[in-house]
$ cat protein18.cif   # mmCIF, C-alpha atoms and all ligand atoms
data_coords
loop_
_atom_site.label_atom_id
_atom_site.label_comp_id
_atom_site.auth_asym_id
_atom_site.auth_seq_id
_atom_site.Cartn_x
_atom_site.Cartn_y
_atom_site.Cartn_z
CA MET A 9 128.96 111.77 57.37
CA LYS A 10 125.65 113.52 56.81
CA VAL A 11 122.57 111.87 58.34
CA TYR A 12 118.90 112.48 57.58
CA ILE A 13 116.22 111.41 60.10
CA SER A 14 112.51 111.27 59.22
CA VAL A 15 110.33 110.90 62.31
CA ASP A 16 106.69 109.89 62.58
CA ILE A 17 104.73 109.50 65.82
CA GLU A 18 102.72 106.26 65.55
CA GLY A 19 105.79 104.05 65.88
CA ILE A 20 107.19 105.81 68.95
CA GLY A 21 107.35 103.66 72.08
CA CYS A 22 104.22 103.81 74.30
CA VAL A 23 102.19 105.54 71.55
CA VAL A 24 99.17 103.34 70.81
CA ARG A 25 96.04 105.39 70.06
CA SER A 26 94.79 108.58 68.45
CA GLU A 27 94.73 110.18 71.91
CA HIS A 28 98.52 110.16 71.44
CA SER A 29 98.85 110.85 67.70
CA SER A 30 96.11 113.42 67.09
CA PRO A 31 97.00 117.04 67.92
CA GLN A 32 93.60 117.24 69.66
CA GLY A 33 94.25 114.09 71.67
CA ARG A 34 94.54 114.33 75.45
CA GLU A 35 97.89 112.48 75.44
CA PHE A 36 99.40 114.32 72.45
CA GLN A 37 101.61 116.67 74.49
CA TRP A 38 103.15 113.66 76.23
CA ALA A 39 103.56 111.78 72.93
CA ARG A 40 105.41 114.65 71.28
CA LYS A 41 107.80 114.73 74.24
CA ARG A 42 108.38 110.97 73.72
CA MET A 43 108.90 111.59 70.00
CA THR A 44 111.51 114.25 70.81
CA GLU A 45 113.30 111.90 73.23
CA GLU A 46 113.54 109.10 70.65
CA VAL A 47 114.86 111.52 68.04
CA ASN A 48 117.46 112.79 70.53
CA ALA A 49 118.49 109.18 71.17
CA ALA A 50 118.94 108.54 67.44
CA VAL A 51 120.86 111.82 67.08
CA ALA A 52 123.15 110.93 70.00
CA GLY A 53 123.90 107.56 68.40
CA ALA A 54 124.59 109.20 65.04
CA PHE A 55 127.07 111.70 66.47
CA ALA A 56 128.71 108.96 68.58
CA ALA A 57 129.32 107.05 65.33
CA GLY A 58 130.97 110.06 63.72
CA ALA A 59 128.13 111.97 62.01
CA SER A 60 129.18 115.47 61.00
CA GLU A 61 125.70 116.82 60.33
CA VAL A 62 122.16 115.67 61.17
CA VAL A 63 118.91 116.96 59.67
CA VAL A 64 115.63 115.87 61.27
CA ALA A 65 112.32 116.00 59.39
CA ASP A 66 109.24 116.27 61.63
CA SER A 67 106.99 114.10 59.47
CA HIS A 68 103.72 113.55 61.33
CA ASN A 69 100.61 115.52 60.44
CA VAL A 70 101.63 119.10 59.49
CA GLY A 71 105.17 118.76 60.85
CA LEU A 72 104.68 120.61 64.13
CA ASN A 73 105.24 117.87 66.68
CA LEU A 74 108.84 117.83 67.89
CA LEU A 75 109.63 120.15 70.79
CA ALA A 76 112.30 122.25 69.08
CA ASP A 77 113.67 123.70 72.30
CA GLN A 78 114.23 120.21 73.72
CA LEU A 79 115.85 118.84 70.58
CA ASP A 80 119.59 118.19 70.43
CA SER A 81 121.05 121.59 69.54
CA ARG A 82 123.38 120.08 66.92
CA VAL A 83 120.53 119.25 64.50
CA ARG A 84 118.63 121.29 61.98
CA LEU A 85 114.90 120.68 61.75
CA VAL A 86 112.59 120.40 58.74
CA MET A 87 109.15 121.43 60.01
CA GLY A 88 105.78 122.57 58.67
CA ALA A 89 103.73 121.64 55.61
CA PRO A 90 102.88 121.34 52.77
CA ARG A 91 106.16 120.11 51.35
CA ALA A 92 106.81 118.33 48.06
CA LEU A 93 108.57 115.27 49.47
CA SER A 94 106.29 115.18 52.52
CA MET A 95 107.82 112.80 55.11
CA MET A 96 111.16 112.86 53.26
CA GLU A 97 111.46 116.57 52.56
CA GLY A 98 115.11 117.59 52.71
CA VAL A 99 116.54 114.21 51.72
CA GLN A 100 117.14 115.66 48.24
CA LEU A 101 119.83 117.92 49.75
CA GLY A 102 122.25 114.98 49.83
CA PHE A 103 123.00 112.59 52.72
CA ASP A 104 125.09 109.51 53.38
CA ALA A 105 122.44 107.65 55.40
CA ALA A 106 118.83 107.95 56.55
CA PHE A 107 116.94 106.78 59.66
CA LEU A 108 113.16 106.26 59.83
CA VAL A 109 112.20 106.74 63.50
CA GLY A 110 108.72 106.13 64.92
CA TYR A 111 107.42 104.59 61.70
CA HIS A 112 104.45 102.19 61.45
CA ALA A 113 103.25 99.38 59.19
CA MET A 114 101.19 99.87 56.02
CA ALA A 115 97.39 100.23 55.94
CA GLY A 116 95.59 96.95 56.53
CA THR A 117 98.34 95.21 58.52
CA ALA A 118 96.91 92.95 61.25
CA ASP A 119 98.01 93.73 64.83
CA GLY A 120 100.04 96.75 63.74
CA VAL A 121 99.67 99.86 65.91
CA ILE A 122 97.79 102.78 64.27
CA VAL A 123 98.51 101.42 60.78
CA HIS A 124 97.70 103.57 57.76
CA THR A 125 99.34 104.83 54.59
CA TYR A 126 99.26 108.63 54.64
CA THR A 127 95.49 108.90 55.12
CA GLY A 128 92.73 106.62 56.34
CA ARG A 129 91.16 106.79 52.88
CA ILE A 130 93.99 104.77 51.32
CA ALA A 131 93.52 100.99 51.58
CA SER A 132 96.67 99.93 49.73
CA VAL A 133 99.57 101.19 47.65
CA ALA A 134 101.74 99.12 45.33
CA VAL A 135 104.82 100.08 43.38
CA ASN A 136 105.54 97.77 40.43
CA GLY A 137 103.17 95.29 42.10
CA THR A 138 104.94 95.33 45.49
CA PRO A 139 102.77 96.54 48.38
CA VAL A 140 104.33 99.50 50.20
CA GLY A 141 103.40 101.74 53.09
CA GLU A 142 105.16 104.76 54.50
CA ILE A 143 108.34 102.76 55.20
CA GLY A 144 108.64 101.56 51.59
CA LEU A 145 107.71 104.93 50.09
CA SER A 146 110.17 106.82 52.31
CA ALA A 147 112.97 104.32 51.65
CA ALA A 148 112.29 104.52 47.90
CA LEU A 149 112.42 108.33 47.92
CA ALA A 150 115.69 108.21 49.85
CA GLY A 151 116.92 105.64 47.33
CA HIS A 152 116.00 107.95 44.47
CA TYR A 153 118.58 110.36 45.91
CA HIS A 154 121.06 107.50 46.53
CA VAL A 155 120.60 107.60 50.30
CA PRO A 156 120.40 104.20 52.07
CA VAL A 157 117.96 103.77 54.97
CA VAL A 158 120.09 102.15 57.68
CA LEU A 159 117.77 102.24 60.72
CA VAL A 160 114.01 101.78 61.16
CA THR A 161 112.23 101.97 64.54
CA GLY A 162 108.60 101.16 65.33
CA ASP A 163 106.47 98.22 66.41
CA ASP A 164 107.15 94.59 65.47
CA LYS A 165 105.03 94.88 62.28
CA ALA A 166 106.94 97.97 61.15
CA VAL A 167 110.19 96.12 61.77
CA ARG A 168 108.96 93.11 59.76
CA GLU A 169 107.88 95.38 56.90
CA ALA A 170 111.21 97.25 56.93
CA ARG A 171 113.11 93.97 56.67
CA SER A 172 110.90 92.78 53.81
CA HIS A 173 111.98 95.82 51.77
CA LEU A 174 115.47 96.51 53.07
CA GLY A 175 116.82 93.13 54.16
CA ASP A 176 119.19 93.08 57.11
CA VAL A 177 118.66 96.70 58.13
CA GLU A 178 119.22 97.83 61.73
CA THR A 179 115.87 97.99 63.53
CA VAL A 180 114.44 98.70 66.98
CA GLU A 181 111.16 97.09 68.04
CA VAL A 182 109.77 99.46 70.67
CA LYS A 183 106.45 97.58 71.10
CA LYS A 184 104.57 94.46 70.00
CA GLY A 185 101.25 95.24 68.37
CA LEU A 186 98.33 93.41 70.00
CA GLY A 187 95.72 95.06 67.80
CA ALA A 188 95.22 98.23 65.82
CA TYR A 189 95.24 100.38 68.96
CA ALA A 190 96.94 98.24 71.61
CA ALA A 191 100.48 97.08 72.20
CA LEU A 192 102.87 95.49 74.66
CA CYS A 193 105.34 98.36 75.18
CA LEU A 194 108.92 98.73 76.38
CA SER A 195 109.53 101.50 78.90
CA PRO A 196 110.40 104.88 77.40
CA ARG A 197 113.88 104.70 78.90
CA ALA A 198 114.50 101.27 77.36
CA CYS A 199 113.30 102.56 73.95
CA ASN A 200 115.65 105.52 74.12
CA GLU A 201 118.64 103.36 75.04
CA LYS A 202 117.96 100.79 72.33
CA ILE A 203 117.52 103.51 69.70
CA ARG A 204 120.77 105.26 70.66
CA GLU A 205 122.71 101.98 70.45
CA ALA A 206 121.07 100.92 67.17
CA ALA A 207 121.67 104.33 65.57
CA GLN A 208 125.35 104.09 66.40
CA ARG A 209 125.59 100.51 65.03
CA ALA A 210 123.60 101.49 61.93
CA LEU A 211 125.95 104.31 60.99
CA GLN A 212 129.02 102.20 61.67
CA ARG A 213 127.87 99.78 58.99
CA ALA A 214 126.14 102.29 56.70
CA HIS A 215 128.80 101.94 54.02
CA CYS A 216 127.72 98.29 53.43
CA THR A 217 124.06 99.24 52.81
CA ALA A 218 122.78 99.86 49.30
CA PRO A 219 120.08 102.48 48.69
CA PHE A 220 116.60 101.02 48.08
CA ARG A 221 116.10 101.59 44.36
CA VAL A 222 112.82 101.06 42.51
CA GLU A 223 113.10 99.91 38.91
CA THR A 224 111.87 102.29 36.21
CA PRO A 225 109.35 102.85 34.77
CA VAL A 226 107.10 102.63 37.81
CA GLU A 227 103.53 101.39 37.88
CA LEU A 228 101.67 102.96 40.79
CA THR A 229 98.53 101.17 42.01
CA VAL A 230 96.42 102.75 44.75
CA GLY A 231 93.41 101.16 46.44
CA PHE A 232 90.95 103.49 48.17
CA THR A 233 88.30 102.87 50.81
CA THR A 234 85.56 104.44 48.65
CA ALA A 235 84.68 104.52 44.95
CA SER A 236 84.20 108.30 45.17
CA SER A 237 87.91 108.66 45.87
CA VAL A 238 88.65 107.11 42.49
CA ASP A 239 86.12 109.49 40.88
CA ARG A 240 88.29 112.30 42.25
CA VAL A 241 91.80 111.03 41.54
CA THR A 242 91.08 110.12 37.92
CA ALA A 243 91.01 113.90 37.34
CA ILE A 244 94.81 113.74 37.57
CA PRO A 245 96.31 113.36 34.07
CA GLY A 246 97.62 109.83 33.56
CA VAL A 247 95.57 108.26 36.34
CA ARG A 248 92.93 105.69 35.34
CA ARG A 249 90.42 103.52 37.17
CA VAL A 250 90.88 99.77 37.07
CA ASP A 251 87.95 98.88 39.31
CA GLY A 252 85.53 100.54 41.73
CA THR A 253 88.12 101.47 44.32
CA THR A 254 91.47 101.10 42.50
CA ALA A 255 93.41 103.56 40.34
CA VAL A 256 96.69 103.12 38.47
CA ALA A 257 99.22 105.45 36.91
CA ALA A 258 102.21 104.74 34.66
CA CYS A 259 105.11 106.82 35.97
CA GLU A 260 108.64 107.61 34.84
CA ASP A 261 110.25 106.90 38.19
CA ILE A 262 109.51 106.72 41.91
CA LEU A 263 109.66 110.50 42.30
CA HIS A 264 106.98 110.91 39.64
CA ALA A 265 104.93 108.11 41.26
CA PHE A 266 105.25 109.71 44.68
CA ARG A 267 104.14 113.10 43.36
CA ILE A 268 101.00 111.52 41.91
CA PHE A 269 100.35 109.55 45.09
CA HIS A 270 100.84 112.63 47.27
CA LEU A 271 98.43 114.62 45.09
CA MET A 272 95.90 111.77 45.39
CA THR A 273 96.09 111.92 49.19
CA ASP A 274 95.49 115.69 49.12
CA LEU A 275 92.56 115.35 46.73
CA VAL A 276 90.73 112.68 48.70
CA GLU A 277 91.12 114.64 51.92
CA LEU A 278 89.57 117.82 50.50
CA THR A 279 86.08 116.55 51.26
CA PRO A 280 86.61 113.93 53.94
CA PHE A 281 83.12 112.43 54.04
CA ILE A 282 82.24 111.98 50.39
ZN ZN B 1 102.50 107.86 59.41
#
$ encode --input "protein18.cif" --output "structure tokens"
Amino acid sequence: MKVYISVDIEGIGCVVRSEHSSPQGREFQWARKRMTEEVNAAVAGAFAAGASEVVVADSHNVGLNLLADQLDSRVRLVMGAPRALSMMEGVQLGFDAAFLVGYHAMAGTADGVIVHTYTGRIASVAVNGTPVGEIGLSAALAGHYHVPVVLVTGDDKAVREARSHLGDVETVEVKKGLGAYAALCLSPRACNEKIREAAQRALQRAHCTAPFRVETPVELTVGFTTASSVDRVTAIPGVRRVDGTTAVAACEDILHAFRIFHLMTDLVELTPFI
């Protein structure tokens, strides 16, 4: 059984602020060690459940977070950026199941730790009218390639969001969000143990989980924090403004919608303050 793991940093246990998640942050070196530990726990659970191959995608920032020399030597690592499928690069190679480790809730979620959707300039994303964040987008991309997401780890709001999209998926709540940058956290050791156990359980019942498929065609709706962002993204063919801060695009499928969304995030970050 081939397993794909996409890992972000904001939903790792004991990660609560940009001091942890920003490469310039004073706690970043510690946070990337934590991220590596939680990935190793998920990998251990996957192999214990009979995985034959595991690919890990380092999916925070520019994909240079995991400590490669401390990572389980049985895995292969997707690292670096830019990459077309971003957080899910590599999933197109064909897998039987996917894990989303260290994920966080969508932009605007109350009491979710370090919530956002790709960039701070995105206020909301909806696919066929359903609000999605990074969990929904990643699960939908996996689903496009017929890969079911069978495990999601993060704070309680990420877990709630994962269940809203994926139903009775295996989850690990590593912390309870108390605000945007505060949480009640389990110990790192407890997080690692829970993730290893959940990964094993998740793979054991992976065959009962359907991929998350988005109906076609796909209407993509993106809300921005500024009107100038919409001025920019309407330069993309097929994207039109519906109000001051909202743009829509009619897309063939989720892959097409994701490509447009990903291009929007790049465009609005070119000039961060305008
Ligand atoms: Zn993220």
$ residues_near_ligand --input "protein18.cif" --ligand "ligand ZN 1 (chain B)" --cutoff "9 Å" --atoms "all atoms listed in the file" --output "PyMOL selection string"
chain A and resi 15-19+67-69+95+110-114+122-127+141-143
$ residues_around --input "protein18.cif" --residues "Val160 (chain A)" --least-positions-apart "4" --cutoff "10 Å" --atoms "all atoms listed in the file" --output "PyMOL selection string"
chain A and resi 13-15+19+106-112+143+147+166-167+169-171+174+177-181+203+206-207+210
$ residues_near_point --input "protein18.cif" --point "(92.7, 104.5, 55.3)" --cutoff "12 Å" --atoms "all atoms listed in the file" --output "PyMOL selection string"
chain A and resi 114-117+122-133+141+230-234+237+273+276-277+280
$ closest_atom_pairs --input "protein18.cif" --of "region 144-230 of chain A" --to "region 54-63 of chain A" --cutoff "10 Å" --atoms "all atoms listed in the file" --output "tab-separated table"
residue	atom	partner	partner_atom	distance
A:Arg204	CA	A:Ala54	CA	7.9
A:Glu205	CA	A:Ala54	CA	9.2
A:Ala206	CA	A:Ala54	CA	9.2
A:Ala207	CA	A:Ala54	CA	5.7
A:Gln208	CA	A:Ala57	CA	5.1
A:Arg209	CA	A:Ala57	CA	7.5
A:Ala210	CA	A:Ala54	CA	8.4
A:Leu211	CA	A:Ala57	CA	6.1
A:Gln212	CA	A:Ala57	CA	6.1
A:Arg213	CA	A:Ala57	CA	9.8
$ closest_atom_pairs --input "protein18.cif" --of "region 49-154 of chain A" --to "region 23-45 of chain A" --cutoff "7 Å" --atoms "all atoms listed in the file" --output "tab-separated table"
residue	atom	partner	partner_atom	distance
A:Ala49	CA	A:Glu45	CA	6.2
A:Asn73	CA	A:Arg40	CA	5.6
A:Leu74	CA	A:Thr44	CA	5.3
A:Leu75	CA	A:Thr44	CA	6.2
A:Leu79	CA	A:Thr44	CA	6.3
A:Val121	CA	A:Val24	CA	6.0
A:Ile122	CA	A:Arg25	CA	6.6
$ closest_residue --input "protein18.cif" --among "A:Thr224, A:Glu260, A:Asn200, A:Asp176" --to "Asn48 (chain A)" --atoms "all atoms listed in the file"
A:Asn200
$ closest_residue --input "protein18.cif" --among "A:Ala190, A:Leu159, A:Val226, A:Leu85" --to "Val135 (chain A)" --atoms "all atoms listed in the file"
A:Val226
$ closest_residue --input "protein18.cif" --among "A:Cys193, A:Ala235, A:Val250, A:Val99" --to "Ala65 (chain A)" --atoms "all atoms listed in the file"
A:Val99
$ atom_distance --input "protein18.cif" --atom1 "CA of Ala76 (chain A)" --atom2 "CA of Leu149 (chain A)"
25.3 Å
$ residues_around --input "protein18.cif" --residues "Asp164 (chain A)" --least-positions-apart "3" --cutoff "8 Å" --atoms "all atoms listed in the file" --output "ChimeraX atom specification"
/A:120,167-168,181-185
$ residues_around --input "protein18.cif" --residues "Ala89 (chain A)" --least-positions-apart "5" --cutoff "9 Å" --atoms "only C-alpha atoms" --output "tab-separated table (two decimals) with C-alpha atoms, keeping the file's coordinate frame"
chain	number	residue	atom	x	y	z
A	69	ASN	CA	100.61	115.52	60.44
A	70	VAL	CA	101.63	119.10	59.49
A	71	GLY	CA	105.17	118.76	60.85
A	72	LEU	CA	104.68	120.61	64.13
A	94	SER	CA	106.29	115.18	52.52
$ atom_distance --input "protein18.cif" --atom1 "CA of Glu227 (chain A)" --atom2 "CA of His152 (chain A)"
15.6 Å
$ atom_distance --input "protein18.cif" --atom1 "CA of Ala255 (chain A)" --atom2 "CA of Thr242 (chain A)"
7.4 Å
$ closest_residue --input "protein18.cif" --among "A:Leu278, A:Val157, A:Leu228, A:Asn136" --to "Ala258 (chain A)" --atoms "all atoms listed in the file"
A:Leu228
$ build_atoms --input "protein18.cif" --residues "region 171-192 of chain A" --atoms "N, CA, C and O atoms" --output "mmCIF file, in the coordinates of the input"
data_model
loop_
_atom_site.group_PDB
_atom_site.id
_atom_site.type_symbol
_atom_site.label_atom_id
_atom_site.label_comp_id
_atom_site.auth_asym_id
_atom_site.auth_seq_id
_atom_site.Cartn_x
_atom_site.Cartn_y
_atom_site.Cartn_z
ATOM 1 N N ARG A 171 112.185 95.035 57.102
ATOM 2 C CA ARG A 171 113.110 93.970 56.670
ATOM 3 C C ARG A 171 112.678 93.384 55.335
ATOM 4 O O ARG A 171 113.517 92.977 54.529
ATOM 5 N N SER A 172 111.364 93.359 55.082
ATOM 6 C CA SER A 172 110.900 92.780 53.810
ATOM 7 C C SER A 172 111.372 93.643 52.634
ATOM 8 O O SER A 172 111.647 93.133 51.555
ATOM 9 N N HIS A 173 111.495 94.940 52.848
ATOM 10 C CA HIS A 173 111.980 95.820 51.770
ATOM 11 C C HIS A 173 113.496 95.950 51.760
ATOM 12 O O HIS A 173 114.109 96.018 50.701
ATOM 13 N N LEU A 174 114.076 96.039 52.948
ATOM 14 C CA LEU A 174 115.470 96.510 53.070
ATOM 15 C C LEU A 174 116.435 95.426 53.508
ATOM 16 O O LEU A 174 117.630 95.687 53.641
ATOM 17 N N GLY A 175 115.936 94.214 53.751
ATOM 18 C CA GLY A 175 116.820 93.130 54.160
ATOM 19 C C GLY A 175 117.323 93.323 55.585
ATOM 20 O O GLY A 175 116.563 93.714 56.475
ATOM 21 N N ASP A 176 118.609 93.100 55.768
ATOM 22 C CA ASP A 176 119.190 93.080 57.110
ATOM 23 C C ASP A 176 119.501 94.487 57.619
ATOM 24 O O ASP A 176 120.627 94.818 57.978
ATOM 25 N N VAL A 177 118.473 95.327 57.668
ATOM 26 C CA VAL A 177 118.660 96.700 58.130
ATOM 27 C C VAL A 177 118.638 96.714 59.659
ATOM 28 O O VAL A 177 118.049 95.826 60.285
ATOM 29 N N GLU A 178 119.274 97.688 60.272
ATOM 30 C CA GLU A 178 119.220 97.830 61.730
ATOM 31 C C GLU A 178 117.810 98.272 62.113
ATOM 32 O O GLU A 178 117.238 99.162 61.460
ATOM 33 N N THR A 179 117.241 97.642 63.136
ATOM 34 C CA THR A 179 115.870 97.990 63.530
ATOM 35 C C THR A 179 115.769 98.023 65.059
ATOM 36 O O THR A 179 116.569 97.380 65.747
ATOM 37 N N VAL A 180 114.775 98.751 65.556
ATOM 38 C CA VAL A 180 114.440 98.700 66.980
ATOM 39 C C VAL A 180 112.940 98.480 67.099
ATOM 40 O O VAL A 180 112.153 99.271 66.574
ATOM 41 N N GLU A 181 112.567 97.386 67.785
ATOM 42 C CA GLU A 181 111.160 97.090 68.040
ATOM 43 C C GLU A 181 110.807 97.682 69.399
ATOM 44 O O GLU A 181 111.235 97.159 70.422
ATOM 45 N N VAL A 182 110.074 98.787 69.401
ATOM 46 C CA VAL A 182 109.770 99.460 70.670
ATOM 47 C C VAL A 182 108.487 98.931 71.321
ATOM 48 O O VAL A 182 108.202 99.225 72.479
ATOM 49 N N LYS A 183 107.702 98.151 70.546
ATOM 50 C CA LYS A 183 106.450 97.580 71.100
ATOM 51 C C LYS A 183 105.997 96.448 70.194
ATOM 52 O O LYS A 183 106.382 96.386 69.025
ATOM 53 N N LYS A 184 105.175 95.534 70.788
ATOM 54 C CA LYS A 184 104.570 94.460 70.000
ATOM 55 C C LYS A 184 103.098 94.804 69.841
ATOM 56 O O LYS A 184 102.368 94.933 70.833
ATOM 57 N N GLY A 185 102.649 94.928 68.594
ATOM 58 C CA GLY A 185 101.250 95.240 68.370
ATOM 59 C C GLY A 185 100.352 94.090 68.801
ATOM 60 O O GLY A 185 100.602 92.925 68.470
ATOM 61 N N LEU A 186 99.297 94.429 69.558
ATOM 62 C CA LEU A 186 98.330 93.410 70.000
ATOM 63 C C LEU A 186 97.004 93.617 69.284
ATOM 64 O O LEU A 186 96.073 92.847 69.452
ATOM 65 N N GLY A 187 96.929 94.681 68.524
ATOM 66 C CA GLY A 187 95.720 95.060 67.800
ATOM 67 C C GLY A 187 96.019 96.383 67.139
ATOM 68 O O GLY A 187 97.150 96.865 67.192
ATOM 69 N N ALA A 188 94.990 96.974 66.527
ATOM 70 C CA ALA A 188 95.220 98.230 65.820
ATOM 71 C C ALA A 188 95.554 99.374 66.777
ATOM 72 O O ALA A 188 96.237 100.322 66.404
ATOM 73 N N TYR A 189 95.052 99.270 68.009
ATOM 74 C CA TYR A 189 95.240 100.380 68.960
ATOM 75 C C TYR A 189 95.677 99.881 70.329
ATOM 76 O O TYR A 189 95.291 100.453 71.365
ATOM 77 N N ALA A 190 96.443 98.797 70.346
ATOM 78 C CA ALA A 190 96.940 98.240 71.610
ATOM 79 C C ALA A 190 98.275 97.586 71.364
ATOM 80 O O ALA A 190 98.522 97.035 70.293
ATOM 81 N N ALA A 191 99.149 97.666 72.366
ATOM 82 C CA ALA A 191 100.480 97.080 72.200
ATOM 83 C C ALA A 191 101.080 96.723 73.547
ATOM 84 O O ALA A 191 100.674 97.251 74.589
ATOM 85 N N LEU A 192 102.043 95.816 73.513
ATOM 86 C CA LEU A 192 102.870 95.490 74.660
ATOM 87 C C LEU A 192 104.132 96.347 74.499
ATOM 88 O O LEU A 192 104.886 96.154 73.544
#
